[in-house]
Amino acid sequence: MSKKSEKPRGEMVSFMLNGARVQADPKWSLLEAIRFYGINIPTLCYDEGLTPYGVCRMCVVEAGNENRAKLVASCMHPVTEGLNVRTHSSRVLKTRKMILELLIARCPSSKKLQDMAAMLELKEVRFDPLNDDCILCGLCVRMCEEQMAAKAIGYAGRGSDRYITTPFDMTSEECRKCGACMYICPVCELRCQGPQAETTLCSGCINTEPVCAPRYGEAMCFMVPCLSCLKKKKKKKPEDEK
């Protein structure tokens, strides 16, 4: 039995998740609570073994009442009593696609990003590709510091000039060449088409385009892909029309 399921029931807080009342430990983040109930939320900068960073914003959800709901990073937002959370509203899905579109424009060679684009049904990238090799998710920095206890790499520069490097851009004596930073990096693995792909977006793994979100304002199921959207409408028989 997992540690989460062993939490005393008296410590639980109650909140609304996609219209259903659920309970969660107040020490959890929204992302932990949402995944506990089996709902898939895409993430890039998040890893269960590392401190949440909240920089990629792919885990965005809508929290609050309909008139005053705001978009929050679920990996950083705590579970609170009475909170109303929507994980797959049209607003959330549109925001995730825009964020992913910007990330792919920065680093179109990443297999992780291309696979995520197929899962979220991203059909186009409207920005010129930069063909960079880093999306500044910070996973490598936190892995090096928190799991390997080395602190051999970190951030340098500010704004658009920010990058990850060793102290003073010199060979670090603290680096043990363990490869943990490359293991956790979401852009090290190249897309199937290789580094010289002709298109910015692959779209090779897209299975179906969900139709429920535009029609109902949010997704009606949380399968990947949405199985309800695969059912074709049966044509009415002539005798049914009478």
# chains A, B, ... in the order shown; residues from 1 in each chain; ligands from 1

$ select_by_dssp --residues "stretch 18-184 of chain A" --states "strand (DSSP E or B)" --output "number ranges by chain"
A: 20-24, 29, 60-63, 70-73, 78, 84-86, 89, 110, 154-156, 163-165

$ select_by_dssp --residues "stretch 13-209 of chain A" --states "alpha helix (DSSP H)" --output "PyMOL selection string"
chain A and resi 30-36+90-106+111-119+139-142+180-184

$ write_last_selection --atoms "C-alpha atoms" --output "short mmCIF file (atom, residue, chain, number, x, y, z; two decimals), in the first residue's frame"
data_model
loop_
_atom_site.label_atom_id
_atom_site.label_comp_id
_atom_site.auth_asym_id
_atom_site.auth_seq_id
_atom_site.Cartn_x
_atom_site.Cartn_y
_atom_site.Cartn_z
CA LEU A 30 -2.88 19.64 -6.58
CA LEU A 31 -0.87 17.59 -9.08
CA GLU A 32 -0.37 14.78 -6.56
CA ALA A 33 -4.05 14.77 -5.65
CA ILE A 34 -5.20 14.83 -9.29
CA ARG A 35 -2.91 11.96 -10.25
CA PHE A 36 -4.00 10.03 -7.16
CA SER A 90 -11.26 24.37 -22.97
CA ARG A 91 -9.26 27.19 -21.39
CA VAL A 92 -6.79 24.73 -19.85
CA LEU A 93 -6.39 22.68 -23.03
CA LYS A 94 -5.82 25.81 -25.10
CA THR A 95 -3.21 27.09 -22.63
CA ARG A 96 -1.31 23.79 -22.59
CA LYS A 97 -1.19 23.74 -26.36
CA MET A 98 0.16 27.30 -26.50
CA ILE A 99 2.87 26.51 -23.95
CA LEU A 100 3.85 23.36 -25.80
CA GLU A 101 3.86 25.23 -29.10
CA LEU A 102 6.41 27.69 -27.67
CA LEU A 103 8.54 24.89 -26.22
CA ILE A 104 8.63 22.97 -29.50
CA ALA A 105 9.56 26.13 -31.36
CA ARG A 106 12.51 26.43 -28.98
CA LYS A 111 11.29 13.37 -28.82
CA LYS A 112 9.68 14.09 -25.45
CA LEU A 113 8.14 17.30 -26.75
CA GLN A 114 7.05 15.73 -30.03
CA ASP A 115 5.39 12.83 -28.21
CA MET A 116 3.60 15.27 -25.93
CA ALA A 117 2.44 17.26 -28.96
CA ALA A 118 0.88 14.10 -30.39
CA MET A 119 -0.83 13.34 -27.06
CA LEU A 139 15.57 19.10 -14.05
CA CYS A 140 19.30 18.59 -14.53
CA VAL A 141 20.19 21.29 -11.99
CA ARG A 142 17.88 19.84 -9.32
CA ALA A 180 22.23 11.80 -14.24
CA CYS A 181 21.66 15.20 -15.86
CA MET A 182 21.43 13.60 -19.30
CA TYR A 183 19.24 10.79 -18.02
CA ILE A 184 16.57 13.17 -16.75
#

$ residues_around --residues "A:Cys144" --least-positions-apart "3" --cutoff "12 Å" --atoms "only C-alpha atoms" --output "PyMOL selection string"
chain A and resi 49-50+138-141+147-154+165-166+174-185

$ atom_distance --atom1 "atom CA of A:Cys202" --atom2 "atom CA of A:Glu121"
11.3 Å

$ closest_residue --among "A:Tyr163, A:Gly38, A:Arg126, A:Glu218" --to "A:Glu62" --atoms "only C-alpha atoms"
A:Glu218

$ closest_residue --among "A:Ile39, A:Asp132, A:Pro78, A:Glu124" --to "A:Ser203" --atoms "only C-alpha atoms"
A:Glu124

$ closest_residue --among "A:Gly19, A:Pro108, A:Asp128, A:Gly54" --to "A:Gln193" --atoms "only C-alpha atoms"
A:Pro108

$ closest_residue --among "A:Ala219, A:Val187, A:Leu122, A:Ala69" --to "A:Cys134" --atoms "only C-alpha atoms"
A:Val187

$ decode --residues "stretch 94-106 of chain A" --atoms "N, CA and C atoms" --output "mmCIF file, in the first residue's frame"
data_model
loop_
_atom_site.group_PDB
_atom_site.id
_atom_site.type_symbol
_atom_site.label_atom_id
_atom_site.label_comp_id
_atom_site.auth_asym_id
_atom_site.auth_seq_id
_atom_site.Cartn_x
_atom_site.Cartn_y
_atom_site.Cartn_z
ATOM 1 N N LYS A 94 -6.369 24.802 -24.203
ATOM 2 C CA LYS A 94 -5.816 25.813 -25.099
ATOM 3 C C LYS A 94 -4.497 26.359 -24.560
ATOM 4 N N THR A 95 -4.418 26.568 -23.252
ATOM 5 C CA THR A 95 -3.206 27.087 -22.632
ATOM 6 C C THR A 95 -2.066 26.091 -22.746
ATOM 7 N N ARG A 96 -2.353 24.822 -22.485
ATOM 8 C CA ARG A 96 -1.307 23.794 -22.589
ATOM 9 C C ARG A 96 -0.761 23.706 -24.004
ATOM 10 N N LYS A 97 -1.640 23.808 -24.977
ATOM 11 C CA LYS A 97 -1.186 23.742 -26.363
ATOM 12 C C LYS A 97 -0.294 24.930 -26.718
ATOM 13 N N MET A 98 -0.648 26.111 -26.227
ATOM 14 C CA MET A 98 0.159 27.296 -26.505
ATOM 15 C C MET A 98 1.542 27.174 -25.865
ATOM 16 N N ILE A 99 1.588 26.700 -24.622
ATOM 17 C CA ILE A 99 2.871 26.513 -23.947
ATOM 18 C C ILE A 99 3.726 25.501 -24.694
ATOM 19 N N LEU A 100 3.113 24.394 -25.085
ATOM 20 C CA LEU A 100 3.855 23.359 -25.801
ATOM 21 C C LEU A 100 4.313 23.853 -27.165
ATOM 22 N N GLU A 101 3.492 24.654 -27.804
ATOM 23 C CA GLU A 101 3.863 25.232 -29.098
ATOM 24 C C GLU A 101 5.135 26.079 -28.967
ATOM 25 N N LEU A 102 5.227 26.868 -27.912
ATOM 26 C CA LEU A 102 6.409 27.694 -27.668
ATOM 27 C C LEU A 102 7.627 26.830 -27.350
ATOM 28 N N LEU A 103 7.424 25.763 -26.578
ATOM 29 C CA LEU A 103 8.542 24.890 -26.225
ATOM 30 C C LEU A 103 9.078 24.147 -27.440
ATOM 31 N N ILE A 104 8.178 23.678 -28.298
ATOM 32 C CA ILE A 104 8.626 22.969 -29.500
ATOM 33 C C ILE A 104 9.326 23.921 -30.457
ATOM 34 N N ALA A 105 8.870 25.156 -30.528
ATOM 35 C CA ALA A 105 9.556 26.134 -31.360
ATOM 36 C C ALA A 105 10.976 26.367 -30.855
ATOM 37 N N ARG A 106 11.171 26.253 -29.566
ATOM 38 C CA ARG A 106 12.506 26.431 -28.985
ATOM 39 C C ARG A 106 13.387 25.211 -29.248
#
